[in-house]
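Down below is the structure, laid out as structure tokens.
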Amino acid sequence: MKTDIEIAQEAKMAHIADVAARLDIPQEDLEFYGKYKAKLSDELLDRIKDRPNGKLVLVTAINPTPAGEGKTTTTVGLGEAMGRLGKKSVIALREPSLGPCFGIKGGAAGGGYAQVVPMEDLNLHFTGDFHAITSANNLLAALLDNHIQQGNALGIDTRQIVWKRCEDMNDRVLRNIVVGLGSKMDGFVREDHFVITVASEIMAILCLAEDMNDLKERLGRIIVAYTYGGDPVTAKDLQAVGAMAALLKDALKPNLIQTLEHTPALVHGGPFANIAHGCNSVRATKAALKLADIVITEAGFGADLGAEKFFDIKCRLAGLKPDAAVLVATVRALKYNGGVPKAELSKENLEALKRGIVNLEKHIENMKKFGVPTVVTLNAFVSDTEAEVAYIREFCESRGCAFELSRVWEKGGEGGIPLAEKVLDILENKPSNFHVLYEDSLSLKAKIEKIATEIYGAAKVTYAPAAEKMLKKIEDMGFANLPVCMAKNQYSLSDDPSLLGRPIGFTVNIREVYVSAGAGFVVALTGTVMTMPGLPKVPAANNIDVDAEGRITGLF
């Protein structure tokens with residue numbers, strides 16, 4: 001079987017103007033980045049804003065395992081299948097981070113015959129959006145340190161600087177650093193930190209901003225430090241907003257590319273789902289809803305992270321109302337949750353499947369909490385047996401949840417037609433009663449505990465003393481009404497990645513809390529989740545190369 005990158009490199013891509021024409025977008029509303037990438041103009045987004053919305057479908061999944069689930073692959077294949085059924089459809093995805101590309105996960109463009117292309121461009125520099133976000137983030141950091149160097153008129157307490165520098169790479173040694181070493185002219189010596197670009201608040205802001213004015217308002221609210229008196233200092237106080245917005249001017253515009261079957265795909269923004277809110281930009285999603293009849297989007301990692309944040313943060317803040325959801329699982333991943341080692345997942349094992357399917361069961365229950373009709377799909381593998389598939393089908397249908405197989409990795413859009421038909425049936429016959437999990441008026445602790453107990457299944461929540469203190473400070477500053485963004489490992493429903501399946505009776509520990517005032521949510525860090533990941537013992541980067549003709553290999 002060919003690798004994903006080999007399939008992508010052999011694809012005959014259509015000119016991006018021809019892809020745009022499927023959505024009735026004229027060439028003058030495209031800003032071209034070569035023949036196969038373009039940004040949508042601000043003029044187009046303004047002109048279509050009053051059109052009626054299409055239907056919004058979220059693709060989410062069970063907790064990820066080393067066996068693979070195929071959430072993005074399913075999203076892409078479902079969009080292709082909708083096109084084969086004559087539907088005017090578009091896919092709305094996140095941009096991949098370089099961190100996982102060179103770390104463990106590899107690329108993030110789908111897989112097999114359900115990919116978006118150009119695959120190498122998307123997984124590497126793409127249209128420069130992440131570079132712009134990194135630059136804006138680090139400009140703010142530089143202006144902050146320069147303000148202190150030039151007399152510190154705002155009275156910033158250098159022990160209470162909370163703004164971190166960033167880069168889009170897994171580099172563990174930058175988590176905790178010392179800056180300002182050298183002479184008096186080199187700044188004040190202090191401890192500093194880096195986060196990965198996709199964990200920067202500016203990434204979240206870009207993905208939640210409606211337009212340039214909203215972007216600048218949000219940038220201005222970023223809290224970078226506190227004064228000696230404990231008052232917040234913002235980017236607006238540092239007069240940083242205009243320059244940051246200038247760096248982000250083009251990055252704010254959604255990117256248009258295509259699938260292997262030339263289905264339009266808007267790929268824009270990329271906050272991590274275990275650290276940040278894990279959804280593509282509001283601008284791209286809203287544009288897609290105005291341009292197509294059916295929009296298929298995805299949210300990162302399992303439904304406990306991606307779907308919960310899509311519903312409780314993105315939909316809440318942007319006024320979106322999803323019409324249906326697809327919950328992706330695989331036989332292999334469910335058996336892994338049932339205790340089967342990765343090397344033995346190809347063997348039929350109904351007992352392990354029965355033990356592991358409780359993970360899927362919890363996610364089905366969680367989706368019902370939001371009132372969105374859901375179909376479970378199995379991303380099919382050749383090792384799946386009829387008995388295993390039949391067991392999962394009966395399990396889902398007995399719980400009032402639709403079920404369908406997906407073969408998009410192998411067959412592209414053709415392999416997703418049964419799933420697309422099931423989704424269309426839901427869109428036509430089962431109205432969504434979408435609602436968020438909690439009200440704005442709840443206290444921050446109540447919101448955290450509602451997510452932890454209802455979505456994760458925790459017995460209780462504990463708080464480190466520093467987290468307790470910060471929660472009170474955040475509420476005293478007037479941010480109690482904001483939604484909560486839980487930073488948690490993706491592998492388990494709990495904050496312990498080793499607890500697979502459906503753990504019960506566990507405690508979630510909140511070790512740190514901070515407010516992303518510009519993004520508009522409060523972040524609660526659990527367990528040992530890192531905002532700057534590290535590389536594994538054998539990074540994916542070790543297998544990536546480029547030949548004399550410029551052909552990249554090993555990316556995925």
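Residue names in the structure tokens use chain letters A, B, ... in the order shown, residue numbers from 1 in each chain, and ligand numbers from 1 in the order shown.
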
Quick check for you: according to DSSP on this backbone, which residues of range 371-422 of chain A are classed as strand (DSSP E or B)? Reply as a PyMOL selection string. chain A and resi 374-379+402-406

Can I get the selection written as an mmCIF file, in the first residue's frame, with all heavy atoms?
```cif
data_model
loop_
_atom_site.group_PDB
_atom_site.id
_atom_site.type_symbol
_atom_site.label_atom_id
_atom_site.label_comp_id
_atom_site.auth_asym_id
_atom_site.auth_seq_id
_atom_site.Cartn_x
_atom_site.Cartn_y
_atom_site.Cartn_z
ATOM 1 N N THR A 374 -26.401 12.267 16.795
ATOM 2 C CA THR A 374 -25.064 11.748 16.515
ATOM 3 C C THR A 374 -25.123 10.402 15.811
ATOM 4 O O THR A 374 -25.968 9.569 16.129
ATOM 5 C CB THR A 374 -24.275 11.605 17.830
ATOM 6 O OG1 THR A 374 -24.189 12.886 18.470
ATOM 7 C CG2 THR A 374 -22.876 11.071 17.599
ATOM 8 N N VAL A 375 -24.203 10.208 14.869
ATOM 9 C CA VAL A 375 -24.017 8.902 14.251
ATOM 10 C C VAL A 375 -22.603 8.434 14.577
ATOM 11 O O VAL A 375 -21.640 9.192 14.467
ATOM 12 C CB VAL A 375 -24.238 8.938 12.722
ATOM 13 C CG1 VAL A 375 -23.390 9.993 12.047
ATOM 14 C CG2 VAL A 375 -23.975 7.574 12.097
ATOM 15 N N VAL A 376 -22.493 7.186 15.024
ATOM 16 C CA VAL A 376 -21.177 6.581 15.256
ATOM 17 C C VAL A 376 -20.710 5.949 13.952
ATOM 18 O O VAL A 376 -21.486 5.260 13.277
ATOM 19 C CB VAL A 376 -21.241 5.512 16.363
ATOM 20 C CG1 VAL A 376 -19.925 4.729 16.434
ATOM 21 C CG2 VAL A 376 -21.536 6.162 17.714
ATOM 22 N N THR A 377 -19.462 6.188 13.604
ATOM 23 C CA THR A 377 -18.912 5.530 12.427
ATOM 24 C C THR A 377 -17.638 4.794 12.789
ATOM 25 O O THR A 377 -16.826 5.282 13.573
ATOM 26 C CB THR A 377 -18.641 6.532 11.289
ATOM 27 O OG1 THR A 377 -18.267 5.809 10.104
ATOM 28 C CG2 THR A 377 -17.528 7.494 11.628
ATOM 29 N N LEU A 378 -17.494 3.609 12.233
ATOM 30 C CA LEU A 378 -16.266 2.838 12.382
ATOM 31 C C LEU A 378 -15.386 3.098 11.171
ATOM 32 O O LEU A 378 -15.783 2.823 10.033
ATOM 33 C CB LEU A 378 -16.559 1.346 12.468
ATOM 34 C CG LEU A 378 -16.908 0.720 13.815
ATOM 35 C CD1 LEU A 378 -16.992 -0.782 13.655
ATOM 36 C CD2 LEU A 378 -15.893 1.097 14.885
ATOM 37 N N ASN A 379 -14.214 3.637 11.410
ATOM 38 C CA ASN A 379 -13.219 3.770 10.361
ATOM 39 C C ASN A 379 -12.661 2.368 10.111
ATOM 40 O O ASN A 379 -11.924 1.832 10.931
ATOM 41 C CB ASN A 379 -12.139 4.748 10.812
ATOM 42 C CG ASN A 379 -11.121 5.048 9.736
ATOM 43 O OD1 ASN A 379 -11.367 4.841 8.554
ATOM 44 N ND2 ASN A 379 -9.967 5.526 10.143
ATOM 45 N N ALA A 402 -27.356 6.252 15.839
ATOM 46 C CA ALA A 402 -27.184 5.703 14.495
ATOM 47 C C ALA A 402 -25.752 5.196 14.314
ATOM 48 O O ALA A 402 -24.824 5.633 14.996
ATOM 49 C CB ALA A 402 -27.503 6.758 13.451
ATOM 50 N N PHE A 403 -25.568 4.273 13.370
ATOM 51 C CA PHE A 403 -24.266 3.645 13.154
ATOM 52 C C PHE A 403 -24.045 3.428 11.667
ATOM 53 O O PHE A 403 -24.980 3.091 10.924
ATOM 54 C CB PHE A 403 -24.204 2.301 13.882
ATOM 55 C CG PHE A 403 -22.931 1.528 13.607
ATOM 56 C CD1 PHE A 403 -21.815 1.706 14.397
ATOM 57 C CD2 PHE A 403 -22.856 0.628 12.542
ATOM 58 C CE1 PHE A 403 -20.641 1.011 14.143
ATOM 59 C CE2 PHE A 403 -21.687 -0.065 12.268
ATOM 60 C CZ PHE A 403 -20.578 0.120 13.081
ATOM 61 N N GLU A 404 -22.776 3.604 11.219
ATOM 62 C CA GLU A 404 -22.435 3.291 9.836
ATOM 63 C C GLU A 404 -20.937 3.081 9.700
ATOM 64 O O GLU A 404 -20.138 3.687 10.425
ATOM 65 C CB GLU A 404 -22.875 4.421 8.903
ATOM 66 C CG GLU A 404 -22.840 4.051 7.440
ATOM 67 C CD GLU A 404 -23.620 2.770 7.128
ATOM 68 O OE1 GLU A 404 -24.866 2.803 7.160
ATOM 69 O OE2 GLU A 404 -22.951 1.732 6.886
ATOM 70 N N LEU A 405 -20.560 2.195 8.796
ATOM 71 C CA LEU A 405 -19.144 1.975 8.479
ATOM 72 C C LEU A 405 -18.628 3.072 7.554
ATOM 73 O O LEU A 405 -19.388 3.660 6.775
ATOM 74 C CB LEU A 405 -18.960 0.629 7.784
ATOM 75 C CG LEU A 405 -18.915 -0.631 8.652
ATOM 76 C CD1 LEU A 405 -18.849 -1.854 7.755
ATOM 77 C CD2 LEU A 405 -17.700 -0.590 9.577
ATOM 78 N N SER A 406 -17.322 3.320 7.649
ATOM 79 C CA SER A 406 -16.667 4.264 6.752
ATOM 80 C C SER A 406 -15.443 3.602 6.147
ATOM 81 O O SER A 406 -14.610 3.051 6.870
ATOM 82 C CB SER A 406 -16.259 5.530 7.521
ATOM 83 O OG SER A 406 -15.428 6.342 6.720
#
```

Quick one: everything within 9 Å of Met82 in chain A, counting only C-alpha atoms, minus sequence neighbours fewer than 3 positions away in the same chain. Send it as a list in words.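 My reading of the contact set: Gly77, Leu78, Gly79, Leu85, Gly86, Lys87, Lys88, Ser89, Val90, Ile294, Gly413, Gly416, Ile417, Ala420, Glu421 and Leu424 of chain A.
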
Counting only C-alpha atoms, the residue among A:Asn63, A:Asn170, A:Ser97, A:Asn138 that lies closest to Leu535 in chain A is A:Asn170

Each residue of range 42-121 of chain A with at least one atom at most 6 Å from range 297-318 of chain A should appear once, together with its nearest atom pair and the corresponding distance in Å (one decimal); atoms considered: only C-alpha atoms; ordering: chain, then increasing residue number; output as a tab-separated table.
```
residue	atom	partner	partner_atom	distance
A:Leu58	CA	A:Thr297	CA	5.1
A:Val59	CA	A:Glu298	CA	4.6
A:Thr60	CA	A:Ala303	CA	5.6
A:Ala61	CA	A:Gly302	CA	4.8
A:Ile62	CA	A:Gly302	CA	4.7
A:Asn63	CA	A:Gly302	CA	4.3
A:Ile91	CA	A:Thr297	CA	5.9
A:Ala92	CA	A:Thr297	CA	4.7
A:Leu93	CA	A:Thr297	CA	5.9
```

DSSP-assigned alpha helix (DSSP H) among range 27-261 of chain A, expressed as number ranges by chain: A: 42-47, 71-84, 98-102, 119-123, 129-149, 201-208, 212-221, 241-248

For a quick check of understanding, using only C-alpha atoms, which of A:Asp440, A:Glu454, A:Glu410, A:Asp29 has the smallest distance to Leu482 in chain A? A:Asp440

Can you pull out the residues contacting Ala141 in chain A? Cut-off 12 Å, using only C-alpha atoms, and skip same-chain residues under 2 positions away; I want them as a PyMOL selection string. chain A and resi 134-139+143-148+161-166+179+192-194+200+222-225+234-235+238+240+244

Output for the residues just chosen: N, CA, C and O atoms as a tab-separated table (two decimals), in the first residue's frame:
```tsv
chain	number	residue	atom	x	y	z
A	134	THR	N	3.31	33.51	15.68
A	134	THR	CA	4.54	33.45	16.47
A	134	THR	C	5.19	34.82	16.57
A	134	THR	O	5.62	35.25	17.65
A	135	SER	N	5.24	35.54	15.45
A	135	SER	CA	5.86	36.86	15.43
A	135	SER	C	5.09	37.85	16.30
A	135	SER	O	5.69	38.63	17.05
A	136	ALA	N	3.77	37.83	16.21
A	136	ALA	CA	2.95	38.74	17.02
A	136	ALA	C	3.11	38.44	18.50
A	136	ALA	O	3.20	39.34	19.34
A	137	ASN	N	3.14	37.15	18.84
A	137	ASN	CA	3.32	36.73	20.23
A	137	ASN	C	4.65	37.24	20.77
A	137	ASN	O	4.73	37.82	21.87
A	138	ASN	N	5.71	37.05	20.00
A	138	ASN	CA	7.05	37.40	20.49
A	138	ASN	C	7.31	38.90	20.41
A	138	ASN	O	8.14	39.42	21.17
A	139	LEU	N	6.62	39.60	19.51
A	139	LEU	CA	6.69	41.06	19.52
A	139	LEU	C	6.14	41.60	20.84
A	139	LEU	O	6.74	42.49	21.46
A	143	LEU	N	8.17	43.84	23.54
A	143	LEU	CA	7.70	45.15	23.98
A	143	LEU	C	7.53	45.20	25.50
A	143	LEU	O	7.80	46.23	26.13
A	144	LEU	N	7.11	44.07	26.07
A	144	LEU	CA	6.96	43.99	27.52
A	144	LEU	C	8.32	44.15	28.21
A	144	LEU	O	8.47	44.97	29.14
A	145	ASP	N	9.31	43.40	27.78
A	145	ASP	CA	10.63	43.49	28.40
A	145	ASP	C	11.28	44.84	28.13
A	145	ASP	O	11.99	45.38	28.98
A	146	ASN	N	11.02	45.40	26.96
A	146	ASN	CA	11.58	46.73	26.65
A	146	ASN	C	10.97	47.80	27.55
A	146	ASN	O	11.65	48.73	27.99
A	147	HIS	N	9.66	47.68	27.81
A	147	HIS	CA	9.01	48.64	28.70
A	147	HIS	C	9.67	48.65	30.08
A	147	HIS	O	9.91	49.71	30.66
A	148	ILE	N	9.95	47.45	30.57
A	148	ILE	CA	10.61	47.35	31.88
A	148	ILE	C	12.01	47.95	31.82
A	148	ILE	O	12.44	48.71	32.70
A	161	ILE	N	5.12	38.35	35.71
A	161	ILE	CA	4.96	38.37	34.25
A	161	ILE	C	4.38	37.03	33.83
A	161	ILE	O	4.92	35.97	34.15
A	162	VAL	N	3.25	37.06	33.13
A	162	VAL	CA	2.56	35.83	32.74
A	162	VAL	C	2.61	35.57	31.24
A	162	VAL	O	2.23	34.48	30.79
A	163	TRP	N	3.04	36.55	30.45
A	163	TRP	CA	3.11	36.35	29.00
A	163	TRP	C	4.37	35.58	28.65
A	163	TRP	O	5.46	35.91	29.08
A	164	LYS	N	4.20	34.52	27.87
A	164	LYS	CA	5.33	33.65	27.49
A	164	LYS	C	5.65	33.82	26.01
A	164	LYS	O	4.78	34.09	25.19
A	165	ARG	N	6.89	33.59	25.68
A	165	ARG	CA	7.28	33.55	24.28
A	165	ARG	C	6.83	32.22	23.67
A	165	ARG	O	6.43	31.31	24.39
A	166	CYS	N	6.90	32.11	22.35
A	166	CYS	CA	6.44	30.86	21.72
A	166	CYS	C	7.25	30.55	20.47
A	166	CYS	O	7.89	31.42	19.88
A	179	VAL	N	16.32	34.82	31.09
A	179	VAL	CA	16.62	35.85	30.10
A	179	VAL	C	17.27	37.05	30.78
A	179	VAL	O	17.22	37.19	32.00
A	192	ASP	N	11.90	33.05	32.45
A	192	ASP	CA	10.93	33.18	31.37
A	192	ASP	C	10.55	31.78	30.90
A	192	ASP	O	11.10	30.77	31.35
A	193	HIS	N	9.62	31.73	29.96
A	193	HIS	CA	9.08	30.44	29.51
A	193	HIS	C	8.67	30.54	28.04
A	193	HIS	O	8.37	31.62	27.54
A	194	PHE	N	8.65	29.39	27.38
A	194	PHE	CA	8.10	29.28	26.03
A	194	PHE	C	6.91	28.33	26.05
A	194	PHE	O	6.88	27.36	26.82
A	200	SER	N	-0.44	29.47	22.19
A	200	SER	CA	-0.43	30.91	22.42
A	200	SER	C	-1.87	31.44	22.45
A	200	SER	O	-2.72	31.02	21.65
A	222	ILE	N	-5.40	41.17	26.18
A	222	ILE	CA	-4.43	40.17	26.65
A	222	ILE	C	-3.74	40.68	27.92
A	222	ILE	O	-3.19	41.78	27.94
A	223	ILE	N	-3.76	39.87	28.97
A	223	ILE	CA	-3.06	40.21	30.20
A	223	ILE	C	-1.65	39.65	30.13
A	223	ILE	O	-1.46	38.44	29.96
A	224	VAL	N	-0.66	40.54	30.23
A	224	VAL	CA	0.73	40.12	30.08
A	224	VAL	C	1.46	40.03	31.41
A	224	VAL	O	2.47	39.33	31.55
A	225	ALA	N	0.98	40.77	32.40
A	225	ALA	CA	1.66	40.82	33.70
A	225	ALA	C	0.75	41.50	34.71
A	225	ALA	O	-0.37	41.93	34.38
A	234	THR	N	-2.12	45.03	30.35
A	234	THR	CA	-2.57	44.44	29.09
A	234	THR	C	-1.71	44.86	27.91
A	234	THR	O	-0.90	45.80	28.01
A	235	ALA	N	-1.92	44.18	26.79
A	235	ALA	CA	-1.23	44.55	25.56
A	235	ALA	C	-1.59	45.96	25.13
A	235	ALA	O	-0.76	46.69	24.57
A	238	LEU	N	0.54	48.47	26.82
A	238	LEU	CA	1.89	48.52	26.24
A	238	LEU	C	1.89	49.13	24.83
A	238	LEU	O	2.95	49.18	24.19
A	240	ALA	N	0.76	47.87	22.11
A	240	ALA	CA	1.27	46.83	21.21
A	240	ALA	C	0.25	46.40	20.16
A	240	ALA	O	0.61	45.68	19.22
A	244	MET	N	0.86	44.36	16.40
A	244	MET	CA	0.49	42.95	16.38
A	244	MET	C	-0.56	42.69	15.30
A	244	MET	O	-0.48	41.70	14.56
```

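Shortest atom-to-atom contact with Arg94 in chain A among A:Leu499, A:Leu260, A:Ala325, A:Ala265: A:Ala265, counting only C-alpha atoms.
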
Can you write out as a Markdown table which residues of range 383-483 of chain A fall within 10 Å of range 112-124 of chain A, alongside each residue's closest atom pair and its distance in Å to one decimal, counting only C-alpha atoms and ordering rows by chain and ascending residue number?
```
| residue | atom | partner | partner_atom | distance |
| --- | --- | --- | --- | --- |
| A:Arg407 | CA | A:Ala114 | CA | 9.5 |
| A:Val408 | CA | A:Ala114 | CA | 5.8 |
| A:Trp409 | CA | A:Gly112 | CA | 4.5 |
| A:Glu410 | CA | A:Tyr113 | CA | 6.0 |
| A:Lys411 | CA | A:Tyr113 | CA | 6.0 |
| A:Gly412 | CA | A:Tyr113 | CA | 4.5 |
| A:Gly413 | CA | A:Ala114 | CA | 7.2 |
| A:Glu414 | CA | A:Tyr113 | CA | 9.9 |
| A:Gly415 | CA | A:Ala114 | CA | 9.5 |
| A:Gly416 | CA | A:Ala114 | CA | 9.5 |
```

Shortest interatomic distance to Arg218 in chain A - which of A:Gly242, A:Gly269, A:Pro341, A:Gly155, counting only C-alpha atoms: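 The closest residue to Arg218 in chain A is A:Gly242.
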
So which residues touch range 382-395 of chain A within 9 Å, counting only C-alpha atoms, skipping near sequence neighbours fewer than 3 positions away, as a list in words?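 Counting only C-alpha atoms, the residues come to Thr330, Val331, Arg332, Leu345, Ser346, Lys347, Glu348, Asn349, Leu350, Leu353, Lys354, Ile357, Glu361, Val376, Leu378, Ser398, Arg399, Cys401, Ala402, Phe403, Glu404 and Leu405 of chain A.
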
Could you name the residues that touch Ala343 in chain A at 12 Å or less, counting only C-alpha atoms, but leaving out those on the same chain fewer than 5 positions away, as a ChimeraX atom specification? /A:66-67,332,335-336

Restrict the selected residues to all heavy atoms and save them as a PDB file, in the first residue's frame.
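Now in out_35.pdb:
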```
ATOM      1  N   PRO A  66      -2.709   4.584  20.209  1.00  0.00           N
ATOM      2  CA  PRO A  66      -1.669   4.306  19.204  1.00  0.00           C
ATOM      3  C   PRO A  66      -2.200   3.535  17.999  1.00  0.00           C
ATOM      4  O   PRO A  66      -1.539   3.487  16.959  1.00  0.00           O
ATOM      5  CB  PRO A  66      -0.655   3.459  19.988  1.00  0.00           C
ATOM      6  CG  PRO A  66      -0.889   3.776  21.418  1.00  0.00           C
ATOM      7  CD  PRO A  66      -2.355   4.037  21.538  1.00  0.00           C
ATOM      8  N   ALA A  67      -3.402   2.957  18.126  1.00  0.00           N
ATOM      9  CA  ALA A  67      -3.986   2.202  17.020  1.00  0.00           C
ATOM     10  C   ALA A  67      -4.562   3.108  15.948  1.00  0.00           C
ATOM     11  O   ALA A  67      -4.807   2.673  14.823  1.00  0.00           O
ATOM     12  CB  ALA A  67      -5.086   1.270  17.547  1.00  0.00           C
ATOM     13  N   ARG A 332     -10.007  -1.530  16.350  1.00  0.00           N
ATOM     14  CA  ARG A 332      -8.678  -1.664  16.954  1.00  0.00           C
ATOM     15  C   ARG A 332      -8.550  -0.784  18.201  1.00  0.00           C
ATOM     16  O   ARG A 332      -8.038  -1.221  19.231  1.00  0.00           O
ATOM     17  CB  ARG A 332      -7.613  -1.282  15.921  1.00  0.00           C
ATOM     18  CG  ARG A 332      -7.512  -2.251  14.744  1.00  0.00           C
ATOM     19  CD  ARG A 332      -6.749  -1.615  13.574  1.00  0.00           C
ATOM     20  NE  ARG A 332      -5.420  -1.168  13.968  1.00  0.00           N
ATOM     21  CZ  ARG A 332      -4.347  -1.938  13.990  1.00  0.00           C
ATOM     22  NH1 ARG A 332      -4.446  -3.212  13.630  1.00  0.00           N
ATOM     23  NH2 ARG A 332      -3.174  -1.456  14.345  1.00  0.00           N
ATOM     24  N   LYS A 335     -10.504  -2.207  21.119  1.00  0.00           N
ATOM     25  CA  LYS A 335      -9.816  -3.361  21.723  1.00  0.00           C
ATOM     26  C   LYS A 335      -8.603  -2.898  22.529  1.00  0.00           C
ATOM     27  O   LYS A 335      -8.293  -3.477  23.575  1.00  0.00           O
ATOM     28  CB  LYS A 335      -9.410  -4.363  20.633  1.00  0.00           C
ATOM     29  CG  LYS A 335     -10.602  -5.130  20.055  1.00  0.00           C
ATOM     30  CD  LYS A 335     -10.188  -6.283  19.158  1.00  0.00           C
ATOM     31  CE  LYS A 335      -9.597  -5.815  17.858  1.00  0.00           C
ATOM     32  NZ  LYS A 335      -9.425  -6.931  16.894  1.00  0.00           N
ATOM     33  N   TYR A 336      -7.938  -1.862  22.067  1.00  0.00           N
ATOM     34  CA  TYR A 336      -6.811  -1.307  22.837  1.00  0.00           C
ATOM     35  C   TYR A 336      -7.310  -0.791  24.186  1.00  0.00           C
ATOM     36  O   TYR A 336      -6.675  -1.003  25.219  1.00  0.00           O
ATOM     37  CB  TYR A 336      -6.156  -0.181  22.040  1.00  0.00           C
ATOM     38  CG  TYR A 336      -4.903   0.376  22.682  1.00  0.00           C
ATOM     39  CD1 TYR A 336      -3.665  -0.204  22.461  1.00  0.00           C
ATOM     40  CD2 TYR A 336      -4.973   1.501  23.515  1.00  0.00           C
ATOM     41  CE1 TYR A 336      -2.508   0.306  23.050  1.00  0.00           C
ATOM     42  CE2 TYR A 336      -3.835   2.015  24.114  1.00  0.00           C
ATOM     43  CZ  TYR A 336      -2.609   1.416  23.879  1.00  0.00           C
ATOM     44  OH  TYR A 336      -1.480   1.929  24.470  1.00  0.00           O
TER      45      TYR A 336
END
```

To one decimal place in Å, what is the distance between CA of Leu252 in chain A and CA of Met486 in chain A?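 Straight-line distance from CA of Leu252 in chain A to CA of Met486 in chain A works out to 25.1 Å.
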
Best match for closeness to Gly518 in chain A among A:Gly68, A:Arg221, A:Asn542, A:Ala292, counting only C-alpha atoms: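 Smallest separation from Gly518 in chain A among the options: A:Arg221.
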
Check the smallest atom-to-atom distance from each of A:Ala153, A:Cys396, A:Val189, A:Ile257 to Ala20 in chain A using only C-alpha atoms, then report the winner. A:Ile257

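From CA of Thr73 in chain A back to CA of Ala251 in chain A, the distance works out to 25.1 Å.
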